[in-house]
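So this one's work_0.cif, mmCIF, C-alpha atoms and all ligand atoms:
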data_entry
loop_
_atom_site.label_atom_id
_atom_site.label_comp_id
_atom_site.auth_asym_id
_atom_site.auth_seq_id
_atom_site.Cartn_x
_atom_site.Cartn_y
_atom_site.Cartn_z
CA MET A 5 20.35 -134.60 -209.39
CA ILE A 6 18.79 -134.42 -205.94
CA LEU A 7 15.29 -133.02 -205.60
CA ILE A 8 14.89 -130.84 -202.49
CA THR A 9 11.24 -130.25 -201.71
CA GLY A 10 10.81 -127.17 -199.54
CA GLY A 11 14.33 -126.13 -200.49
CA ALA A 12 13.42 -122.43 -200.31
CA GLY A 13 12.73 -122.81 -196.59
CA TYR A 14 15.01 -122.40 -193.60
CA ILE A 15 16.52 -125.87 -193.25
CA GLY A 16 16.18 -126.94 -196.90
CA SER A 17 18.08 -123.89 -198.18
CA HIS A 18 21.08 -124.71 -195.97
CA ILE A 19 21.14 -128.27 -197.27
CA ASN A 20 20.87 -126.98 -200.82
CA LYS A 21 23.99 -124.89 -200.30
CA LEU A 22 25.94 -127.77 -198.73
CA LEU A 23 24.98 -130.25 -201.46
CA ASN A 24 26.14 -127.85 -204.15
CA GLN A 25 29.40 -127.24 -202.30
CA ASN A 26 29.89 -131.00 -202.34
CA GLY A 27 29.40 -131.38 -206.07
CA TYR A 28 25.78 -132.54 -206.12
CA GLU A 29 23.36 -131.02 -208.62
CA THR A 30 20.11 -129.96 -207.00
CA LEU A 31 16.59 -129.07 -208.01
CA VAL A 32 14.65 -127.05 -205.46
CA LEU A 33 10.89 -127.58 -205.58
CA ASP A 34 8.85 -125.13 -203.53
CA ASN A 35 5.45 -123.46 -203.81
CA LEU A 36 6.83 -120.43 -201.93
CA SER A 37 3.92 -120.46 -199.48
CA LYS A 38 6.46 -120.20 -196.64
CA GLY A 39 9.82 -120.31 -198.38
CA HIS A 40 11.66 -117.43 -200.03
CA LYS A 41 12.73 -117.41 -203.64
CA ASP A 42 15.87 -115.43 -202.77
CA SER A 43 17.00 -118.30 -200.50
CA VAL A 44 17.41 -120.44 -203.62
CA LYS A 45 20.91 -119.37 -204.52
CA TRP A 46 22.17 -122.71 -205.78
CA GLY A 47 20.88 -125.32 -208.20
CA GLU A 48 17.73 -125.11 -210.27
CA PHE A 49 14.31 -124.03 -209.08
CA VAL A 50 10.78 -125.08 -209.91
CA ASP A 51 7.68 -123.45 -208.45
CA CYS A 52 5.37 -126.40 -207.83
CA ASP A 53 2.89 -127.61 -205.23
CA LEU A 54 3.48 -131.13 -203.97
CA GLY A 55 -0.24 -131.77 -203.99
CA ASP A 56 -0.34 -131.27 -207.75
CA GLU A 57 0.38 -134.78 -209.03
CA GLU A 58 0.37 -133.83 -212.69
CA ALA A 59 2.86 -131.00 -212.19
CA LEU A 60 5.01 -133.27 -210.06
CA ASN A 61 5.01 -135.90 -212.79
CA ASP A 62 6.18 -133.25 -215.26
CA VAL A 63 9.04 -132.36 -212.93
CA PHE A 64 10.13 -136.00 -212.68
CA ASN A 65 9.84 -136.34 -216.48
CA THR A 66 11.86 -133.21 -217.14
CA TYR A 67 14.73 -133.67 -214.67
CA ASP A 68 16.98 -136.60 -214.02
CA ILE A 69 16.19 -137.11 -210.33
CA GLU A 70 18.13 -139.78 -208.48
CA GLY A 71 16.98 -139.09 -204.93
CA VAL A 72 14.81 -136.79 -202.83
CA MET A 73 15.27 -134.75 -199.68
CA HIS A 74 11.81 -133.92 -198.43
CA PHE A 75 11.36 -130.79 -196.33
CA ALA A 76 8.16 -129.29 -197.72
CA ALA A 77 5.78 -129.12 -194.75
CA PHE A 78 4.03 -126.78 -192.36
CA SER A 79 5.91 -126.65 -189.08
CA SER A 80 4.06 -124.55 -186.53
CA VAL A 81 2.84 -126.56 -183.57
CA ALA A 82 0.41 -123.83 -182.51
CA GLU A 83 -1.10 -123.53 -185.98
CA SER A 84 -1.45 -127.31 -186.18
CA MET A 85 -3.61 -127.25 -183.06
CA GLU A 86 -5.91 -124.66 -184.64
CA GLU A 87 -6.02 -126.06 -188.17
CA PRO A 88 -5.11 -129.77 -187.98
CA GLU A 89 -6.61 -130.63 -191.39
CA LYS A 90 -4.14 -128.34 -193.06
CA TYR A 91 -1.28 -130.30 -191.48
CA PHE A 92 -2.60 -133.73 -192.43
CA LYS A 93 -3.21 -132.56 -195.99
CA ASN A 94 0.05 -130.76 -196.55
CA ASN A 95 2.45 -132.87 -194.49
CA PHE A 96 0.96 -136.33 -194.92
CA GLU A 97 -1.26 -136.50 -198.01
CA ASN A 98 1.12 -134.50 -200.17
CA THR A 99 3.93 -136.84 -199.14
CA LEU A 100 1.84 -139.76 -200.35
CA THR A 101 1.61 -138.04 -203.72
CA LEU A 102 5.37 -137.51 -203.74
CA LEU A 103 5.99 -141.18 -202.90
CA LYS A 104 3.60 -142.31 -205.63
CA VAL A 105 5.30 -140.17 -208.27
CA MET A 106 8.74 -141.27 -207.05
CA LYS A 107 7.70 -144.89 -207.40
CA GLU A 108 6.32 -144.32 -210.91
CA HIS A 109 9.69 -142.88 -211.91
CA ARG A 110 11.71 -145.51 -210.06
CA VAL A 111 13.30 -143.03 -207.68
CA TYR A 112 13.98 -145.03 -204.56
CA LYS A 113 16.02 -142.85 -202.19
CA ILE A 114 14.49 -140.34 -199.80
CA ILE A 115 15.69 -138.40 -196.77
CA PHE A 116 12.73 -137.29 -194.67
CA SER A 117 12.70 -134.25 -192.44
CA SER A 118 11.11 -135.47 -189.23
CA THR A 119 11.02 -133.99 -185.76
CA ALA A 120 11.42 -134.59 -182.03
CA ALA A 121 7.70 -133.73 -181.85
CA VAL A 122 7.02 -137.40 -182.68
CA TYR A 123 7.97 -138.22 -179.06
CA GLY A 124 5.45 -135.86 -177.43
CA ILE A 125 6.18 -135.64 -173.71
CA PRO A 126 9.07 -138.10 -173.45
CA GLU A 127 9.01 -140.80 -170.84
CA GLU A 128 12.81 -140.99 -170.64
CA LEU A 129 15.81 -138.71 -171.08
CA PRO A 130 17.87 -138.37 -173.12
CA ILE A 131 15.55 -139.40 -175.92
CA THR A 132 16.72 -142.29 -178.08
CA GLU A 133 15.13 -143.47 -181.32
CA ASN A 134 13.44 -146.21 -179.26
CA THR A 135 11.73 -143.83 -176.87
CA LEU A 136 7.95 -144.21 -177.04
CA LEU A 137 6.35 -142.32 -179.93
CA LYS A 138 3.40 -140.36 -178.63
CA PRO A 139 2.95 -137.02 -180.42
CA ILE A 140 0.72 -134.54 -178.66
CA ASN A 141 -0.10 -132.26 -181.57
CA PRO A 142 -1.17 -132.67 -185.22
CA TYR A 143 2.23 -131.43 -186.42
CA GLY A 144 4.07 -134.28 -184.68
CA GLU A 145 1.31 -136.72 -185.62
CA SER A 146 1.51 -135.78 -189.32
CA LYS A 147 5.28 -136.35 -189.33
CA LEU A 148 4.91 -139.71 -187.58
CA MET A 149 2.30 -140.78 -190.13
CA VAL A 150 4.86 -140.14 -192.87
CA GLU A 151 7.54 -142.07 -190.97
CA ASN A 152 5.18 -145.05 -190.69
CA ARG A 153 4.24 -144.86 -194.34
CA LEU A 154 7.92 -144.82 -195.32
CA SER A 155 8.55 -147.86 -193.18
CA ASP A 156 5.72 -149.76 -194.92
CA GLU A 157 6.89 -148.71 -198.37
CA ALA A 158 10.45 -149.78 -197.61
CA GLU A 159 9.19 -153.19 -196.64
CA PHE A 160 7.28 -153.87 -199.84
CA THR A 161 9.09 -151.81 -202.49
CA PRO A 162 12.73 -151.01 -203.36
CA LEU A 163 12.39 -147.65 -201.55
CA LYS A 164 15.15 -146.80 -199.05
CA TYR A 165 14.73 -143.96 -196.62
CA VAL A 166 16.34 -142.17 -193.73
CA SER A 167 14.11 -140.19 -191.36
CA LEU A 168 15.93 -137.50 -189.40
CA ARG A 169 14.29 -136.33 -186.19
CA TYR A 170 15.51 -132.82 -185.50
CA PHE A 171 15.52 -131.25 -182.10
CA ASN A 172 15.57 -127.42 -182.02
CA ALA A 173 17.06 -126.18 -185.30
CA ALA A 174 18.70 -122.78 -184.94
CA GLY A 175 21.53 -120.59 -186.22
CA ALA A 176 22.36 -119.56 -189.77
CA ASP A 177 24.82 -119.89 -192.61
CA PHE A 178 28.16 -118.40 -191.51
CA ASP A 179 28.42 -116.43 -194.78
CA CYS A 180 25.04 -114.85 -194.01
CA GLU A 181 23.68 -115.79 -197.41
CA ILE A 182 20.65 -117.57 -195.95
CA GLY A 183 19.03 -117.92 -192.54
CA GLU A 184 15.81 -118.21 -190.57
CA ASN A 185 12.97 -116.00 -191.78
CA HIS A 186 9.55 -117.23 -190.69
CA ASN A 187 6.49 -115.08 -190.97
CA PRO A 188 5.03 -114.97 -188.39
CA GLU A 189 8.01 -115.99 -186.25
CA SER A 190 7.35 -118.24 -183.27
CA HIS A 191 10.79 -119.66 -182.43
CA LEU A 192 12.68 -118.57 -179.37
CA ILE A 193 16.07 -117.44 -180.72
CA PRO A 194 14.85 -115.21 -183.59
CA LEU A 195 12.26 -113.67 -181.27
CA VAL A 196 14.90 -112.93 -178.65
CA LEU A 197 17.10 -111.41 -181.36
CA ASP A 198 14.15 -109.27 -182.44
CA ALA A 199 14.10 -107.89 -178.89
CA ALA A 200 17.85 -107.24 -179.09
CA LEU A 201 17.35 -105.37 -182.38
CA GLY A 202 14.54 -103.30 -180.87
CA ARG A 203 12.00 -104.81 -183.27
CA ARG A 204 9.98 -105.88 -180.21
CA LYS A 205 9.86 -104.32 -176.78
CA SER A 206 10.42 -107.47 -174.75
CA ILE A 207 10.62 -111.23 -174.83
CA SER A 208 8.14 -113.42 -172.98
CA ILE A 209 9.12 -116.62 -171.24
CA PHE A 210 6.28 -119.11 -171.49
CA GLY A 211 6.24 -120.55 -167.98
CA ASP A 212 8.83 -120.56 -165.19
CA ASP A 213 7.23 -123.28 -163.10
CA TYR A 214 8.57 -126.34 -164.94
CA GLU A 215 10.49 -129.09 -163.16
CA THR A 216 13.84 -127.82 -164.46
CA ARG A 217 16.88 -126.13 -162.85
CA ASP A 218 15.50 -122.60 -163.27
CA GLY A 219 11.84 -123.40 -163.92
CA THR A 220 11.97 -122.72 -167.67
CA CYS A 221 11.81 -125.34 -170.43
CA VAL A 222 14.99 -127.07 -171.49
CA ARG A 223 15.65 -127.74 -175.19
CA ASP A 224 18.44 -129.18 -177.30
CA TYR A 225 19.50 -126.55 -179.87
CA ILE A 226 21.26 -127.77 -182.99
CA HIS A 227 22.95 -125.63 -185.63
CA VAL A 228 21.24 -125.75 -189.02
CA ASN A 229 24.63 -126.44 -190.66
CA ASP A 230 25.05 -129.48 -188.43
CA LEU A 231 21.64 -130.63 -189.65
CA ALA A 232 22.73 -130.02 -193.23
CA GLU A 233 25.84 -132.13 -192.70
CA ALA A 234 23.71 -134.96 -191.32
CA HIS A 235 21.56 -134.92 -194.47
CA LEU A 236 24.61 -135.16 -196.67
CA LYS A 237 25.92 -138.10 -194.65
CA ALA A 238 22.51 -139.77 -194.63
CA TYR A 239 22.29 -139.45 -198.40
CA GLN A 240 25.78 -140.87 -198.88
CA TYR A 241 24.80 -143.69 -196.57
CA LEU A 242 21.76 -144.48 -198.75
CA GLU A 243 24.00 -144.45 -201.83
CA GLN A 244 26.01 -147.35 -200.40
CA ASP A 245 25.05 -150.85 -201.45
CA GLY A 246 23.68 -152.81 -198.58
CA SER A 247 22.60 -149.83 -196.47
CA VAL A 248 19.18 -150.20 -194.90
CA SER A 249 16.47 -147.66 -194.15
CA ASP A 250 16.83 -146.09 -190.74
CA ILE A 251 15.83 -143.32 -188.34
CA PHE A 252 18.15 -140.96 -186.44
CA ASN A 253 17.85 -138.29 -183.80
CA LEU A 254 19.77 -135.10 -184.54
CA GLY A 255 20.64 -133.00 -181.52
CA ASN A 256 23.60 -131.81 -179.47
CA GLY A 257 22.76 -133.92 -176.44
CA THR A 258 22.94 -130.84 -174.21
CA GLY A 259 19.94 -128.97 -172.88
CA PHE A 260 19.62 -125.22 -172.35
CA SER A 261 16.77 -123.54 -170.53
CA VAL A 262 14.85 -120.62 -172.02
CA LYS A 263 16.52 -118.34 -169.46
CA GLU A 264 19.96 -119.64 -170.40
CA VAL A 265 19.29 -119.04 -174.09
CA ILE A 266 18.19 -115.48 -173.34
CA ASP A 267 21.38 -114.91 -171.31
CA VAL A 268 23.57 -116.16 -174.16
CA CYS A 269 21.69 -113.87 -176.57
CA LYS A 270 22.24 -110.89 -174.27
CA GLU A 271 25.93 -111.71 -174.05
CA VAL A 272 26.41 -112.21 -177.79
CA THR A 273 24.46 -109.11 -178.82
CA GLY A 274 25.64 -106.92 -175.97
CA VAL A 275 22.07 -105.65 -175.65
CA ASP A 276 19.90 -105.77 -172.55
CA PHE A 277 16.14 -105.98 -173.03
CA GLU A 278 13.04 -106.64 -170.99
CA VAL A 279 12.14 -110.24 -170.16
CA LYS A 280 8.58 -111.01 -169.01
CA ILE A 281 7.32 -114.18 -167.42
CA GLU A 282 4.04 -115.37 -168.89
CA GLY A 283 1.88 -118.48 -168.58
CA ARG A 284 2.84 -121.82 -170.08
CA ARG A 285 2.37 -122.46 -173.78
CA GLU A 286 0.16 -125.49 -174.39
CA GLY A 287 1.96 -128.75 -175.12
CA ASP A 288 5.49 -127.81 -174.01
CA PRO A 289 7.36 -130.67 -172.32
CA ASP A 290 9.82 -129.73 -169.51
CA PHE A 291 12.82 -131.29 -171.23
CA LEU A 292 13.66 -132.34 -174.81
CA ILE A 293 17.21 -133.63 -175.08
CA ALA A 294 18.51 -135.94 -177.78
CA ASP A 295 20.65 -138.99 -177.54
CA ALA A 296 22.19 -138.78 -181.02
CA ASP A 297 24.67 -141.58 -180.50
CA LYS A 298 23.12 -143.71 -183.22
CA ALA A 299 23.79 -141.01 -185.86
CA TRP A 300 27.42 -141.08 -184.75
CA ARG A 301 27.68 -144.86 -184.84
CA ILE A 302 26.06 -145.36 -188.23
CA LEU A 303 26.43 -142.07 -190.14
CA LYS A 304 29.62 -140.90 -188.38
CA TRP A 305 27.83 -137.61 -187.79
CA THR A 306 28.50 -135.47 -184.80
CA PRO A 307 27.52 -131.83 -184.28
CA LYS A 308 30.26 -129.19 -184.45
CA TYR A 309 28.60 -126.05 -183.13
CA ASP A 310 27.62 -125.01 -179.62
CA LEU A 311 24.97 -122.58 -178.44
CA ASN A 312 27.32 -119.59 -178.64
CA GLU A 313 28.10 -120.27 -182.28
CA ILE A 314 24.42 -120.86 -182.96
CA VAL A 315 23.47 -117.48 -181.51
CA GLU A 316 26.42 -115.64 -183.08
CA SER A 317 25.53 -116.88 -186.56
CA ALA A 318 21.82 -116.21 -186.02
CA TRP A 319 22.63 -112.68 -184.80
CA ALA A 320 24.79 -111.86 -187.84
CA TRP A 321 22.04 -113.10 -190.16
CA HIS A 322 19.25 -111.38 -188.22
CA GLN A 323 20.97 -108.01 -188.43
CA LYS A 324 21.50 -108.43 -192.16
CA LEU A 325 17.92 -109.57 -192.73
CA HIS A 326 16.55 -106.50 -191.00
CA GLY A 327 18.97 -104.09 -192.62
CA LYS A 328 20.95 -103.33 -189.50
CA LYS A 329 24.33 -104.35 -190.90
N1 LIG B 1 9.56 -119.90 -175.82
C1 LIG B 1 9.39 -118.83 -174.96
N2 LIG B 1 9.06 -117.61 -175.48
C2 LIG B 1 8.90 -117.41 -176.82
C3 LIG B 1 9.08 -118.50 -177.71
C4 LIG B 1 9.41 -119.73 -177.18
O1 LIG B 1 9.52 -118.96 -173.74
O2 LIG B 1 8.60 -116.28 -177.22
C5 LIG B 1 9.94 -121.20 -175.27
C6 LIG B 1 8.98 -122.33 -175.64
O3 LIG B 1 7.94 -122.38 -174.68
C7 LIG B 1 9.91 -123.54 -175.58
C8 LIG B 1 11.26 -123.00 -176.02
O4 LIG B 1 11.17 -121.57 -175.84
O5 LIG B 1 10.02 -124.02 -174.28
C9 LIG B 1 11.59 -123.29 -177.45
O6 LIG B 1 10.48 -122.92 -178.24
P1 LIG B 1 10.50 -122.89 -179.83
O7 LIG B 1 9.16 -122.42 -180.29
O8 LIG B 1 11.69 -122.12 -180.30
O9 LIG B 1 10.75 -124.40 -180.25
P2 LIG B 1 9.94 -125.76 -179.90
O10 LIG B 1 10.64 -126.34 -178.69
O11 LIG B 1 8.52 -125.42 -179.67
O12 LIG B 1 10.15 -126.59 -181.11
#

Once more with this new file: its structure as structure tokens, please.
Amino acid sequence: MILITGGAGYIGSHINKLLNQNGYETLVLDNLSKGHKDSVKWGEFVDCDLGDEEALNDVFNTYDIEGVMHFAAFSSVAESMEEPEKYFKNNFENTLTLLKVMKEHRVYKIIFSSTAAVYGIPEELPITENTLLKPINPYGESKLMVENRLSDEAEFTPLKYVSLRYFNAAGADFDCEIGENHNPESHLIPLVLDAALGRRKSISIFGDDYETRDGTCVRDYIHVNDLAEAHLKAYQYLEQDGSVSDIFNLGNGTGFSVKEVIDVCKEVTGVDFEVKIEGRREGDPDFLIADADKAWRILKWTPKYDLNEIVESAWAWHQKLHGKK
């Protein structure tokens, strides 16, 4: 079976569903510090902290684990600036424990959930896997430290890995069984949908003086189901004899500004709401746009969903989550 650490979280739960639909057995491991038990609707579940080596050893002794998809991590950039130690402990040190236990049990396949935050403020666009790695916050730094560790391990042990650098994950399961539910929420689309639902009075745009077409930041939004599909393909790639460890960007290759995202949300929801312009948020680059050509060439992965479908699925889920449908 495949072990999914952090499988009760937003992205991990979508992959859990897809793996089960494709005939894989899964074991979700989560300490439920951020994830939700009711998002674990497929496979088996174990409540365990990745930092607890003994408990992790028990898990590997009890279940027949053939590979790992590793999502368990803190993922708020702002929080990482305030409490960096927490990020290095949870995201990096706990991954070292996971790798140690994997090695002891001869489990040599891992898909790692990385991020575009490893690039910091990119020096070229679109961003390829060879763009300079220069994270500007502890969150991105902690993910890059894991990537580097994986690369070392793969050189000196039988471990094979794929690191997937996501751009802006968004959207939800089209059956509305699972979706985004962070507490507190900091991501643009769910916050805008909160405004559409009347759960907040307005939405704030963090800065309209960027060097972009309308002054607001441009991001590459990718549907969570497209991400899930990429994980499945990456895992199948690792299952092939002769495949080598690798790193891939996952994005749509198209950028949308904050204002454009808000407009699409207004159109999809049919609700108008107040939009305020506020000061810049620290550490936001003007543009983040992926060149995901390598994932196409090697994994034969290409995204299926556009921003409209992302917002439509997120809106259906958001209404259900907050009891409005
Ligand atoms: N953003 C915004 N208002 C909000 C939340 C986010 O203007 O209430 C902007 C943010 O500054 C960034 C973009 O929306 O330019 C996407 O932010 P998000 O936090 O969703 O993802 P990130 O790009 O930080 O991973």

Sorted per-residue table, stretch 8-37 of chain A near stretch 239-248 of chain A, closest atoms and distance, 12 Å, all atoms listed in the file, as a Markdown table:
| residue | atom | partner | partner_atom | distance |
| --- | --- | --- | --- | --- |
| A:Ile19 | CA | A:Tyr239 | CA | 11.3 |
| A:Leu23 | CA | A:Tyr239 | CA | 10.1 |
| A:Asn26 | CA | A:Gln240 | CA | 11.2 |
| A:Tyr28 | CA | A:Tyr239 | CA | 10.9 |

Surrounding residues as a VMD selection string, ligand LIG 1 (chain B), max 8 Å, all atoms listed in the file:
chain A and resid 81 121 171 to 172 190 to 193 195 to 196 207 to 211 220 to 223 261 to 262 284 to 285 288 to 290 292

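Ranking A:Lys138, A:Lys41, A:Gly47, A:Gly327 by their shortest atom-to-atom distance to A:Arg203, with only C-alpha atoms included, puts A:Gly327 first.
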
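With distances restricted to all atoms listed in the file, A:Asn229 is the closest residue to A:Phe178 from A:Gly287, A:Asn229, A:Cys269, A:Thr132.
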
Might you pull out every residue within 10 Å of A:Lys45, with all atoms listed in the file counted and same-chain residues fewer than 4 positions away left off, and present them as a PyMOL selection string?
chain A and resi 12+17+20-21+24+32+41+49+181-182

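Checking A:Asp250, A:Glu48, A:Glu108, A:Glu316 one by one against A:Glu159, counting only C-alpha atoms, you find the shortest gap at A:Asp250.
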
Between A:Leu100, A:Ile251, A:Ile15, A:Leu201, smallest distance to A:Lys328 by all atoms listed in the file belongs to A:Leu201

Neighbours of stretch 63-67 of chain A within 12 Å (only C-alpha atoms; same-chain residues fewer than 6 positions away dropped), as JSON, numbers by chain?
{"A": [5, 6, 7, 9, 29, 30, 31, 32, 33, 34, 48, 49, 50, 51, 52, 53, 54, 56, 57, 102, 103, 104, 105, 106, 107, 108, 109, 110, 111]}

Next, dump the selected residues to file, keeping only C-alpha atoms, as a PDB file, in the frame of the given file.
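Below you can see selection31.pdb, which holds the result:
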ATOM      1  CA  MET A   5      20.350-134.600-209.390  1.00  0.00           C
ATOM      2  CA  ILE A   6      18.790-134.420-205.940  1.00  0.00           C
ATOM      3  CA  LEU A   7      15.290-133.020-205.600  1.00  0.00           C
ATOM      4  CA  THR A   9      11.240-130.250-201.710  1.00  0.00           C
ATOM      5  CA  GLU A  29      23.360-131.020-208.620  1.00  0.00           C
ATOM      6  CA  THR A  30      20.110-129.960-207.000  1.00  0.00           C
ATOM      7  CA  LEU A  31      16.590-129.070-208.010  1.00  0.00           C
ATOM      8  CA  VAL A  32      14.650-127.050-205.460  1.00  0.00           C
ATOM      9  CA  LEU A  33      10.890-127.580-205.580  1.00  0.00           C
ATOM     10  CA  ASP A  34       8.850-125.130-203.530  1.00  0.00           C
ATOM     11  CA  GLU A  48      17.730-125.110-210.270  1.00  0.00           C
ATOM     12  CA  PHE A  49      14.310-124.030-209.080  1.00  0.00           C
ATOM     13  CA  VAL A  50      10.780-125.080-209.910  1.00  0.00           C
ATOM     14  CA  ASP A  51       7.680-123.450-208.450  1.00  0.00           C
ATOM     15  CA  CYS A  52       5.370-126.400-207.830  1.00  0.00           C
ATOM     16  CA  ASP A  53       2.890-127.610-205.230  1.00  0.00           C
ATOM     17  CA  LEU A  54       3.480-131.130-203.970  1.00  0.00           C
ATOM     18  CA  ASP A  56      -0.340-131.270-207.750  1.00  0.00           C
ATOM     19  CA  GLU A  57       0.380-134.780-209.030  1.00  0.00           C
ATOM     20  CA  LEU A 102       5.370-137.510-203.740  1.00  0.00           C
ATOM     21  CA  LEU A 103       5.990-141.180-202.900  1.00  0.00           C
ATOM     22  CA  LYS A 104       3.600-142.310-205.630  1.00  0.00           C
ATOM     23  CA  VAL A 105       5.300-140.170-208.270  1.00  0.00           C
ATOM     24  CA  MET A 106       8.740-141.270-207.050  1.00  0.00           C
ATOM     25  CA  LYS A 107       7.700-144.890-207.400  1.00  0.00           C
ATOM     26  CA  GLU A 108       6.320-144.320-210.910  1.00  0.00           C
ATOM     27  CA  HIS A 109       9.690-142.880-211.910  1.00  0.00           C
ATOM     28  CA  ARG A 110      11.710-145.510-210.060  1.00  0.00           C
ATOM     29  CA  VAL A 111      13.300-143.030-207.680  1.00  0.00           C
TER      30      VAL A 111
END

Find the spatial neighbours of stretch 91-99 of chain A, counting only C-alpha atoms, within a cut-off of 10 Å - ignore same-chain residues fewer than 6 positions away - and output them as a PDB file with C-alpha atoms, keeping the file's coordinate frame.
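Just written: result30.pdb:
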ATOM      1  CA  ASP A  53       2.890-127.610-205.230  1.00  0.00           C
ATOM      2  CA  LEU A  54       3.480-131.130-203.970  1.00  0.00           C
ATOM      3  CA  GLY A  55      -0.240-131.770-203.990  1.00  0.00           C
ATOM      4  CA  ASP A  56      -0.340-131.270-207.750  1.00  0.00           C
ATOM      5  CA  GLU A  57       0.380-134.780-209.030  1.00  0.00           C
ATOM      6  CA  HIS A  74      11.810-133.920-198.430  1.00  0.00           C
ATOM      7  CA  PHE A  75      11.360-130.790-196.330  1.00  0.00           C
ATOM      8  CA  ALA A  76       8.160-129.290-197.720  1.00  0.00           C
ATOM      9  CA  ALA A  77       5.780-129.120-194.750  1.00  0.00           C
ATOM     10  CA  PHE A  78       4.030-126.780-192.360  1.00  0.00           C
ATOM     11  CA  SER A  79       5.910-126.650-189.080  1.00  0.00           C
ATOM     12  CA  SER A  80       4.060-124.550-186.530  1.00  0.00           C
ATOM     13  CA  VAL A  81       2.840-126.560-183.570  1.00  0.00           C
ATOM     14  CA  GLU A  83      -1.100-123.530-185.980  1.00  0.00           C
ATOM     15  CA  SER A  84      -1.450-127.310-186.180  1.00  0.00           C
ATOM     16  CA  MET A  85      -3.610-127.250-183.060  1.00  0.00           C
ATOM     17  CA  VAL A 105       5.300-140.170-208.270  1.00  0.00           C
ATOM     18  CA  PHE A 116      12.730-137.290-194.670  1.00  0.00           C
ATOM     19  CA  PRO A 142      -1.170-132.670-185.220  1.00  0.00           C
ATOM     20  CA  TYR A 143       2.230-131.430-186.420  1.00  0.00           C
ATOM     21  CA  GLY A 144       4.070-134.280-184.680  1.00  0.00           C
ATOM     22  CA  GLU A 145       1.310-136.720-185.620  1.00  0.00           C
ATOM     23  CA  SER A 146       1.510-135.780-189.320  1.00  0.00           C
ATOM     24  CA  LYS A 147       5.280-136.350-189.330  1.00  0.00           C
ATOM     25  CA  LEU A 148       4.910-139.710-187.580  1.00  0.00           C
ATOM     26  CA  MET A 149       2.300-140.780-190.130  1.00  0.00           C
ATOM     27  CA  VAL A 150       4.860-140.140-192.870  1.00  0.00           C
ATOM     28  CA  GLU A 151       7.540-142.070-190.970  1.00  0.00           C
ATOM     29  CA  ARG A 153       4.240-144.860-194.340  1.00  0.00           C
ATOM     30  CA  LEU A 154       7.920-144.820-195.320  1.00  0.00           C
TER      31      LEU A 154
END

Using only C-alpha atoms, which of A:His186, A:Lys263, A:Lys308, A:Lys205 sits nearest A:Ser37?
A:His186
